[in-house]
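Contents: one structure, followed by commentary.
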Amino acid sequence: MDYVRKKLRLGDVLVNSKAISNTQLLQALDLQKGSGKKLGEVLVEEGIVTEEQIAMALSTQLHIELIDLTAIAVSQDILNLIPVNVLKKNKIFPIEYADSMNVLRVAMADPMDMYAQDDISIITNCQVEPAVTTTRNIMLAIDKYYGQDEVTTALEAYAKEKNLNVEEVDAAEEDINNSPIVMLVKEMIDKAVRQRASDIHIEPTERKVRVRYRIDGALYEKAKYDINVLNAMVARIKIIGGMDIAEKRKPQDGRITQVVDRMEYDIRVSVLPTVYGEKVVMRLTSKTGLTKEKSQLGLKPREMEQFDYILRNPHGILLVTGPTGSGKSTTLYTALSELNREDVNIITVEDPVEANIDGINQVQVNPKAELTFATALRSILRQDPDIIMIGEIRDKETASIAVQASITGHLVVSTLHTNSSASTITRLEDMGIESYLIADSVIGVIAQRLVRRLCNDCKRSRPATADEKELMGCRMEEEVMIYEPCGCSKCENTGYKGRIGVYEIMKMSPRLKTIVSKRQGADAIKEQALREGMYTLRMSATEYVLDGTTSFDEMVKVSFDS
C-alpha cells in the first residue's frame, strides 16, 4: 500500500477521479512553479477545486476513510502523544490508538505525505494509519483541543516579559512576530475565521477583557483575559490596522489584511473609548465571500425568476433593503457579477469598498476630500456608465441624482435601510422625491433578512402549537410539524449552522406605478403587491420553518414587524 501511495501523485489522483481536467492540472502546475506551494494549495487558491473535493478524491482513489473531525471526541492521552507545533506543520491530527497493534490513526490533509507519517512514527514509536480530512477541519480541531493552552502560554510569556528590565528587551524585528501579544491577536483572528465568525468583539470590563465572536448573527463568548492585557492587544491591533497608537480618547477606524488557511481576509477595525478602556470590533470578510454564485443566495425558483426579470431591465432603480448585516451587499455584488460583461461599463460608489471585483470600476467615498456619494455620482455620470451601484442612499441629494440617472437610461442598484418593500417607496417620498418620479424610475424592491439554518445532525421535530399555526397562517385543524434546535459537536452546541436568505421581492407593475404616483401609502402598495403574487418576508420565512430549514423563533425574529 505504501509503495502504491508513493508512486501516486495528487495531480494524478484528482484527474483519475475527474475532480479536475488535465488542462486544469497543467495550469496549476505552471502556477506552482517557483511559488514554493504545494499543488493542493494552488488548486484551492485558484478556485479549481475545494478542500472537500480533494479529500473525497483522495479517499476514493486511495481507499482511505474520509473523517469528519467535528463529529469525533479525542481523548487527552492521544493528544499528549504529539506536540501541537508538529500537528500544525504537517497538517495532521491524531484520532485513536489501537493498543493491541500499536497503531495510531491520524487524520491527514495529505495522506500521501510519507515524511509526515515517518515523523509521527518516530515521535510516538507507533505504526501510523492515515485517514483523510480537510486542512480546515484539522485547524479547527487544533483550535478546539489546543487553543486555550496556546493562549495561556502566550499570556504567561507576556506576564514574564512585563517583569523584565526594559533595557534588556532589545527585540529584533523577527522576534516581534513571535511576541506573545502578536501571537494572541493572530490566533484570535484565525480562530474566528475557522468558526465562521463575521465579527470579533474585544470588550473591557472592570477586571477582565471579554472576547466574543458573532457567528451566524448571534454573539458567543469565546475567551476572558486579565484586564492588564487590554492595552497591549489594542496597541497591536492599531499597529496592523494603520491607526494612531497614542490616541486613546477618540474613536478610530482601520483596515487589516490577514491570510488564514490560504484565504485572504479583509478586516475592518473600529476602536471606541469606553469607561474601562478601548473596545475593539473587527468585521471579517473574505475577498471571495461577497461574490457568490446566484444559486448560493438562497433564492427559491420563483424568486430567482423575479430577480432575473428585474435585472433584465436596461434602466431604472433596483433597491435592496434591510437592516445592517442582512446580506444586502452580497446580493448587490452578486447582481453586479451577473451583469459584468465586456460590453457594459459598471461603476460603483461605496463607503467603504467591501470587495474588489475585476472589470468593475469602484470608487471609495472620502468626505475629507469632499468626495461624497452625491459628488461622486455627478462625476460618474460623466464617465459614460451603463450600470451604477450606490452603496447606500442616505439623503435627498443622493436619491434625486439616482432617480435622474435611472430616468436618463442607466440601471442603478442601491441599498436603503427600511423594513419592507412597500415602506421603501414611502421612504423615498419622505426624502422629498416626487412620487411620479419614483413611479417612473423604481423597477423593483428586494427586502431581505438572514435566518440561521438548523443543524441537520441534531434538529428535533415537534407539533406546532395553535399560536404558532396562527402566526404562520396554517389551518388550525391540520397537524403541522416544525423543528427546533438542540445542539451537538458539529454545530458547537448552538443548534444552528450557517444562514440562508429570506426575500420579499416586489416587481413594479403598471398598477403599482399608479398607486405610487397617487401617493396612496405603504399599505395600499403592499395590498396590491400581495394581489400580484408577492410573498412577504413572513410568508417566505414560514416556508423555511415548514420544510425544517429554520426554526419558528428565527422566523419571528426576521418578520416581527410584518
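By order in the C-alpha cells, chains are A, B, ...; within a chain, residues start at 1; ligands start at 1, following the order shown.
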
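Around Met108 (chain A), within 6 Å and counting only C-alpha atoms, the residues found are Ile92, Asp110, Pro111, Val132 and Thr133 of chain A, once anything fewer than 2 positions away on its own chain is removed.
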
So that I can see what lies close to Ala529 (chain A), please list as a PDB file with N, CA, C and O atoms, in the first residue's frame the residues with an atom at most 12 Å from it, counting only C-alpha atoms and leaving out residues fewer than 2 positions away in the same chain.
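Output file result_16.pdb is given in full below:
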ATOM      1  N   SER A 420     -39.528  46.944   4.900  1.00  0.00           N
ATOM      2  CA  SER A 420     -40.252  46.120   3.924  1.00  0.00           C
ATOM      3  C   SER A 420     -40.177  46.782   2.558  1.00  0.00           C
ATOM      4  O   SER A 420     -39.763  47.940   2.431  1.00  0.00           O
ATOM      5  N   SER A 421     -40.614  46.049   1.535  1.00  0.00           N
ATOM      6  CA  SER A 421     -40.568  46.578   0.165  1.00  0.00           C
ATOM      7  C   SER A 421     -41.456  47.810   0.019  1.00  0.00           C
ATOM      8  O   SER A 421     -41.059  48.807  -0.576  1.00  0.00           O
ATOM      9  N   ALA A 422     -42.683  47.723   0.572  1.00  0.00           N
ATOM     10  CA  ALA A 422     -43.639  48.820   0.415  1.00  0.00           C
ATOM     11  C   ALA A 422     -43.152  50.088   1.119  1.00  0.00           C
ATOM     12  O   ALA A 422     -43.270  51.197   0.576  1.00  0.00           O
ATOM     13  N   GLY A 444     -37.929  47.665  -9.137  1.00  0.00           N
ATOM     14  CA  GLY A 444     -38.149  46.554  -8.207  1.00  0.00           C
ATOM     15  C   GLY A 444     -37.512  46.838  -6.870  1.00  0.00           C
ATOM     16  O   GLY A 444     -36.556  47.613  -6.773  1.00  0.00           O
ATOM     17  N   VAL A 445     -38.081  46.229  -5.832  1.00  0.00           N
ATOM     18  CA  VAL A 445     -37.527  46.368  -4.482  1.00  0.00           C
ATOM     19  C   VAL A 445     -37.385  44.975  -3.891  1.00  0.00           C
ATOM     20  O   VAL A 445     -38.309  44.168  -3.960  1.00  0.00           O
ATOM     21  N   GLU A 504     -38.304  39.238   0.079  1.00  0.00           N
ATOM     22  CA  GLU A 504     -39.627  39.771  -0.271  1.00  0.00           C
ATOM     23  C   GLU A 504     -39.377  40.604  -1.517  1.00  0.00           C
ATOM     24  O   GLU A 504     -38.767  41.680  -1.432  1.00  0.00           O
ATOM     25  N   ILE A 505     -39.752  40.070  -2.674  1.00  0.00           N
ATOM     26  CA  ILE A 505     -39.420  40.752  -3.938  1.00  0.00           C
ATOM     27  C   ILE A 505     -40.675  41.389  -4.532  1.00  0.00           C
ATOM     28  O   ILE A 505     -41.674  40.712  -4.764  1.00  0.00           O
ATOM     29  N   MET A 506     -40.602  42.705  -4.753  1.00  0.00           N
ATOM     30  CA  MET A 506     -41.742  43.432  -5.311  1.00  0.00           C
ATOM     31  C   MET A 506     -41.360  44.000  -6.677  1.00  0.00           C
ATOM     32  O   MET A 506     -40.504  44.883  -6.769  1.00  0.00           O
ATOM     33  N   LYS A 507     -41.973  43.443  -7.732  1.00  0.00           N
ATOM     34  CA  LYS A 507     -41.743  43.978  -9.084  1.00  0.00           C
ATOM     35  C   LYS A 507     -42.720  45.139  -9.286  1.00  0.00           C
ATOM     36  O   LYS A 507     -43.880  45.047  -8.900  1.00  0.00           O
ATOM     37  N   MET A 508     -42.250  46.216  -9.907  1.00  0.00           N
ATOM     38  CA  MET A 508     -43.152  47.348 -10.146  1.00  0.00           C
ATOM     39  C   MET A 508     -44.010  47.073 -11.369  1.00  0.00           C
ATOM     40  O   MET A 508     -43.513  46.997 -12.491  1.00  0.00           O
ATOM     41  N   SER A 509     -45.315  46.918 -11.146  1.00  0.00           N
ATOM     42  CA  SER A 509     -46.257  46.668 -12.248  1.00  0.00           C
ATOM     43  C   SER A 509     -46.952  47.989 -12.593  1.00  0.00           C
ATOM     44  O   SER A 509     -46.894  48.944 -11.802  1.00  0.00           O
ATOM     45  N   PRO A 510     -47.626  48.083 -13.738  1.00  0.00           N
ATOM     46  CA  PRO A 510     -48.344  49.325 -14.091  1.00  0.00           C
ATOM     47  C   PRO A 510     -49.319  49.757 -12.990  1.00  0.00           C
ATOM     48  O   PRO A 510     -49.437  50.940 -12.678  1.00  0.00           O
ATOM     49  N   ARG A 511     -50.023  48.774 -12.384  1.00  0.00           N
ATOM     50  CA  ARG A 511     -50.999  49.100 -11.336  1.00  0.00           C
ATOM     51  C   ARG A 511     -50.293  49.698 -10.097  1.00  0.00           C
ATOM     52  O   ARG A 511     -50.762  50.658  -9.502  1.00  0.00           O
ATOM     53  N   LEU A 512     -49.134  49.115  -9.750  1.00  0.00           N
ATOM     54  CA  LEU A 512     -48.376  49.634  -8.609  1.00  0.00           C
ATOM     55  C   LEU A 512     -47.861  51.044  -8.885  1.00  0.00           C
ATOM     56  O   LEU A 512     -47.855  51.899  -7.996  1.00  0.00           O
ATOM     57  N   LYS A 513     -47.432  51.288 -10.126  1.00  0.00           N
ATOM     58  CA  LYS A 513     -46.936  52.625 -10.505  1.00  0.00           C
ATOM     59  C   LYS A 513     -48.019  53.671 -10.274  1.00  0.00           C
ATOM     60  O   LYS A 513     -47.757  54.768  -9.786  1.00  0.00           O
ATOM     61  N   ILE A 515     -50.557  53.492  -8.114  1.00  0.00           N
ATOM     62  CA  ILE A 515     -50.739  53.683  -6.665  1.00  0.00           C
ATOM     63  C   ILE A 515     -49.633  54.576  -6.106  1.00  0.00           C
ATOM     64  O   ILE A 515     -49.880  55.469  -5.289  1.00  0.00           O
ATOM     65  N   VAL A 516     -48.390  54.354  -6.584  1.00  0.00           N
ATOM     66  CA  VAL A 516     -47.253  55.146  -6.091  1.00  0.00           C
ATOM     67  C   VAL A 516     -47.406  56.601  -6.506  1.00  0.00           C
ATOM     68  O   VAL A 516     -47.240  57.516  -5.692  1.00  0.00           O
ATOM     69  N   ALA A 522     -48.022  53.117   2.028  1.00  0.00           N
ATOM     70  CA  ALA A 522     -47.384  51.796   2.057  1.00  0.00           C
ATOM     71  C   ALA A 522     -48.397  50.664   2.102  1.00  0.00           C
ATOM     72  O   ALA A 522     -48.199  49.617   1.478  1.00  0.00           O
ATOM     73  N   ASP A 523     -49.507  50.851   2.847  1.00  0.00           N
ATOM     74  CA  ASP A 523     -50.492  49.766   2.977  1.00  0.00           C
ATOM     75  C   ASP A 523     -51.129  49.424   1.633  1.00  0.00           C
ATOM     76  O   ASP A 523     -51.303  48.246   1.295  1.00  0.00           O
ATOM     77  N   ALA A 524     -51.479  50.462   0.876  1.00  0.00           N
ATOM     78  CA  ALA A 524     -52.097  50.243  -0.443  1.00  0.00           C
ATOM     79  C   ALA A 524     -51.110  49.551  -1.382  1.00  0.00           C
ATOM     80  O   ALA A 524     -51.479  48.651  -2.143  1.00  0.00           O
ATOM     81  N   ILE A 525     -49.836  49.950  -1.292  1.00  0.00           N
ATOM     82  CA  ILE A 525     -48.795  49.337  -2.142  1.00  0.00           C
ATOM     83  C   ILE A 525     -48.667  47.859  -1.793  1.00  0.00           C
ATOM     84  O   ILE A 525     -48.639  46.985  -2.668  1.00  0.00           O
ATOM     85  N   LYS A 526     -48.613  47.564  -0.473  1.00  0.00           N
ATOM     86  CA  LYS A 526     -48.439  46.179  -0.022  1.00  0.00           C
ATOM     87  C   LYS A 526     -49.623  45.314  -0.452  1.00  0.00           C
ATOM     88  O   LYS A 526     -49.442  44.199  -0.955  1.00  0.00           O
ATOM     89  N   GLU A 527     -50.857  45.836  -0.272  1.00  0.00           N
ATOM     90  CA  GLU A 527     -52.063  45.079  -0.652  1.00  0.00           C
ATOM     91  C   GLU A 527     -52.036  44.706  -2.127  1.00  0.00           C
ATOM     92  O   GLU A 527     -52.311  43.572  -2.501  1.00  0.00           O
ATOM     93  N   ARG A 531     -51.682  41.032  -4.014  1.00  0.00           N
ATOM     94  CA  ARG A 531     -52.644  40.558  -5.030  1.00  0.00           C
ATOM     95  C   ARG A 531     -51.910  40.082  -6.276  1.00  0.00           C
ATOM     96  O   ARG A 531     -52.354  39.181  -6.968  1.00  0.00           O
ATOM     97  N   GLU A 532     -50.757  40.709  -6.534  1.00  0.00           N
ATOM     98  CA  GLU A 532     -49.987  40.346  -7.740  1.00  0.00           C
ATOM     99  C   GLU A 532     -49.005  39.203  -7.460  1.00  0.00           C
ATOM    100  O   GLU A 532     -48.139  38.903  -8.283  1.00  0.00           O
ATOM    101  N   GLY A 533     -49.112  38.601  -6.267  1.00  0.00           N
ATOM    102  CA  GLY A 533     -48.318  37.390  -6.009  1.00  0.00           C
ATOM    103  C   GLY A 533     -47.050  37.576  -5.222  1.00  0.00           C
ATOM    104  O   GLY A 533     -46.211  36.676  -5.158  1.00  0.00           O
ATOM    105  N   MET A 534     -46.871  38.758  -4.607  1.00  0.00           N
ATOM    106  CA  MET A 534     -45.659  38.956  -3.792  1.00  0.00           C
ATOM    107  C   MET A 534     -45.756  38.131  -2.505  1.00  0.00           C
ATOM    108  O   MET A 534     -46.828  38.038  -1.911  1.00  0.00           O
ATOM    109  N   TYR A 535     -44.643  37.517  -2.114  1.00  0.00           N
ATOM    110  CA  TYR A 535     -44.565  36.809  -0.835  1.00  0.00           C
ATOM    111  C   TYR A 535     -43.876  37.737   0.157  1.00  0.00           C
ATOM    112  O   TYR A 535     -42.788  38.235  -0.126  1.00  0.00           O
ATOM    113  N   THR A 536     -44.501  37.954   1.331  1.00  0.00           N
ATOM    114  CA  THR A 536     -43.848  38.806   2.329  1.00  0.00           C
ATOM    115  C   THR A 536     -42.708  38.036   2.993  1.00  0.00           C
ATOM    116  O   THR A 536     -42.590  36.818   2.817  1.00  0.00           O
TER     117      THR A 536
END

Query raised in the report: Could you write out, as a list in words, all the residues of region 186-301 of chain A that DSSP marks as alpha helix (DSSP H)?
Result: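 After running DSSP on the backbone, region 186-301 of chain A has alpha helix (DSSP H) at Lys186, Glu187, Met188, Ile189, Asp190, Lys191, Ala192, Val193, Arg194, Leu230, Asn231, Ala232, Met233, Val234, Ala235, Arg236, Ile237, Lys238, Ile239, Ile240 and Pro301 of chain A.
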
Just to be explicit: take each residue in the selection above, keep N, CA and C atoms, and write the result as an mmCIF file, in the first residue's frame.
data_model
loop_
_atom_site.group_PDB
_atom_site.id
_atom_site.type_symbol
_atom_site.label_atom_id
_atom_site.label_comp_id
_atom_site.auth_asym_id
_atom_site.auth_seq_id
_atom_site.Cartn_x
_atom_site.Cartn_y
_atom_site.Cartn_z
ATOM 1 N N LYS A 186 -3.144 37.211 16.444
ATOM 2 C CA LYS A 186 -3.211 36.411 15.212
ATOM 3 C C LYS A 186 -4.088 35.176 15.423
ATOM 4 N N GLU A 187 -3.871 34.478 16.554
ATOM 5 C CA GLU A 187 -4.663 33.281 16.868
ATOM 6 C C GLU A 187 -6.152 33.611 16.974
ATOM 7 N N MET A 188 -6.438 34.780 17.573
ATOM 8 C CA MET A 188 -7.826 35.197 17.757
ATOM 9 C C MET A 188 -8.530 35.345 16.404
ATOM 10 N N ILE A 189 -7.839 35.977 15.449
ATOM 11 C CA ILE A 189 -8.426 36.170 14.110
ATOM 12 C C ILE A 189 -8.544 34.830 13.393
ATOM 13 N N ASP A 190 -7.482 33.998 13.481
ATOM 14 C CA ASP A 190 -7.511 32.672 12.837
ATOM 15 C C ASP A 190 -8.692 31.839 13.329
ATOM 16 N N LYS A 191 -8.859 31.819 14.660
ATOM 17 C CA LYS A 191 -9.938 31.031 15.259
ATOM 18 C C LYS A 191 -11.300 31.521 14.789
ATOM 19 N N ALA A 192 -11.457 32.856 14.776
ATOM 20 C CA ALA A 192 -12.743 33.448 14.385
ATOM 21 C C ALA A 192 -13.102 33.043 12.966
ATOM 22 N N VAL A 193 -12.110 33.078 12.075
ATOM 23 C CA VAL A 193 -12.351 32.714 10.675
ATOM 24 C C VAL A 193 -12.771 31.251 10.576
ATOM 25 N N ARG A 194 -12.062 30.384 11.303
ATOM 26 C CA ARG A 194 -12.358 28.946 11.212
ATOM 27 C C ARG A 194 -13.720 28.621 11.801
ATOM 28 N N LEU A 230 -5.229 44.225 27.970
ATOM 29 C CA LEU A 230 -6.006 45.035 27.021
ATOM 30 C C LEU A 230 -5.153 46.018 26.216
ATOM 31 N N ASN A 231 -4.351 46.836 26.912
ATOM 32 C CA ASN A 231 -3.605 47.884 26.204
ATOM 33 C C ASN A 231 -2.675 47.310 25.146
ATOM 34 N N ALA A 232 -2.012 46.195 25.497
ATOM 35 C CA ALA A 232 -1.080 45.578 24.541
ATOM 36 C C ALA A 232 -1.841 45.036 23.323
ATOM 37 N N MET A 233 -3.024 44.418 23.574
ATOM 38 C CA MET A 233 -3.818 43.874 22.465
ATOM 39 C C MET A 233 -4.291 44.990 21.534
ATOM 40 N N VAL A 234 -4.823 46.053 22.131
ATOM 41 C CA VAL A 234 -5.336 47.176 21.331
ATOM 42 C C VAL A 234 -4.198 47.833 20.549
ATOM 43 N N ALA A 235 -3.042 47.978 21.216
ATOM 44 C CA ALA A 235 -1.891 48.593 20.529
ATOM 45 C C ALA A 235 -1.489 47.765 19.312
ATOM 46 N N ARG A 236 -1.453 46.444 19.479
ATOM 47 C CA ARG A 236 -1.080 45.567 18.359
ATOM 48 C C ARG A 236 -2.080 45.708 17.208
ATOM 49 N N ILE A 237 -3.386 45.726 17.547
ATOM 50 C CA ILE A 237 -4.417 45.836 16.510
ATOM 51 C C ILE A 237 -4.307 47.187 15.799
ATOM 52 N N LYS A 238 -3.985 48.249 16.575
ATOM 53 C CA LYS A 238 -3.842 49.581 15.966
ATOM 54 C C LYS A 238 -2.650 49.622 15.010
ATOM 55 N N ILE A 239 -1.557 48.943 15.405
ATOM 56 C CA ILE A 239 -0.356 48.940 14.546
ATOM 57 C C ILE A 239 -0.684 48.288 13.200
ATOM 58 N N ILE A 240 -1.277 47.076 13.244
ATOM 59 C CA ILE A 240 -1.523 46.380 11.969
ATOM 60 C C ILE A 240 -2.693 46.999 11.212
ATOM 61 N N PRO A 301 -37.005 29.084 -6.547
ATOM 62 C CA PRO A 301 -37.170 29.197 -8.009
ATOM 63 C C PRO A 301 -38.009 30.400 -8.445
#

Requested in this report: Do a neighbour search on Lys248 (chain A) at 12 Å with only C-alpha atoms, toss out local chain neighbours closer than 6 positions, and write the hits as a list of chain:residue names.
Outcome: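 Close residues of Lys248 (chain A): A:Asn231, A:Val234, A:Ala235, A:Lys238, A:Val271, A:Leu272, A:Pro273, A:Thr274, A:Val275, A:Tyr276, A:Gly277, A:Glu278, A:Lys279, A:Val280.
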
**Report entry** region 199-203 of chain A environment, 7 Å, only C-alpha atoms, sequence neighbours closer than 5 positions dropped, as a list in words
**Finding:** Val209, Arg210, Val211, Arg212, Tyr213, Arg214, Lys279, Val280, Val281, Met282, Arg283 and Leu284 of chain A

Requested in this report: Determine which residues of region 342-424 of chain A DSSP labels as strand (DSSP E or B) from the backbone of this structure, then write them out as a ChimeraX atom specification.
Outcome: /A:346-350,361-364,366,371,387-390,411-416

Query raised in the report: Between A:Gly391, A:Gly254, A:Gly487, A:Gly501, which one has atoms that come closest to Ala447 (chain A), using only C-alpha atoms?
Result: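 Between A:Gly391, A:Gly254, A:Gly487, A:Gly501, the residue approaching Ala447 (chain A) most closely is A:Gly501.
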
Report task. Fewer than 5 positions away in the same chain doesn't count, so skip those; otherwise give me all residues within 10 Å of region 374-388 of chain A, counting only C-alpha atoms, as an MDAnalysis selection string. Result -> chainID A and resid 314:317 336 339:340 343:350 360:367 393:402 405:406 409:414

Query raised in the report: If we count only C-alpha atoms, what is near Ser489 (chain A) at a cut-off of 10 Å, once residues fewer than 6 positions away on the same chain are taken out, given as a PyMOL selection string?
Result: chain A and resi 69-73+457-458+495

Report task. Have a look at A:Glu470, A:Asp30, A:Glu479, A:Asp253 and name the one nearest to Ser270 (chain A); count only C-alpha atoms. Result -> A:Asp253
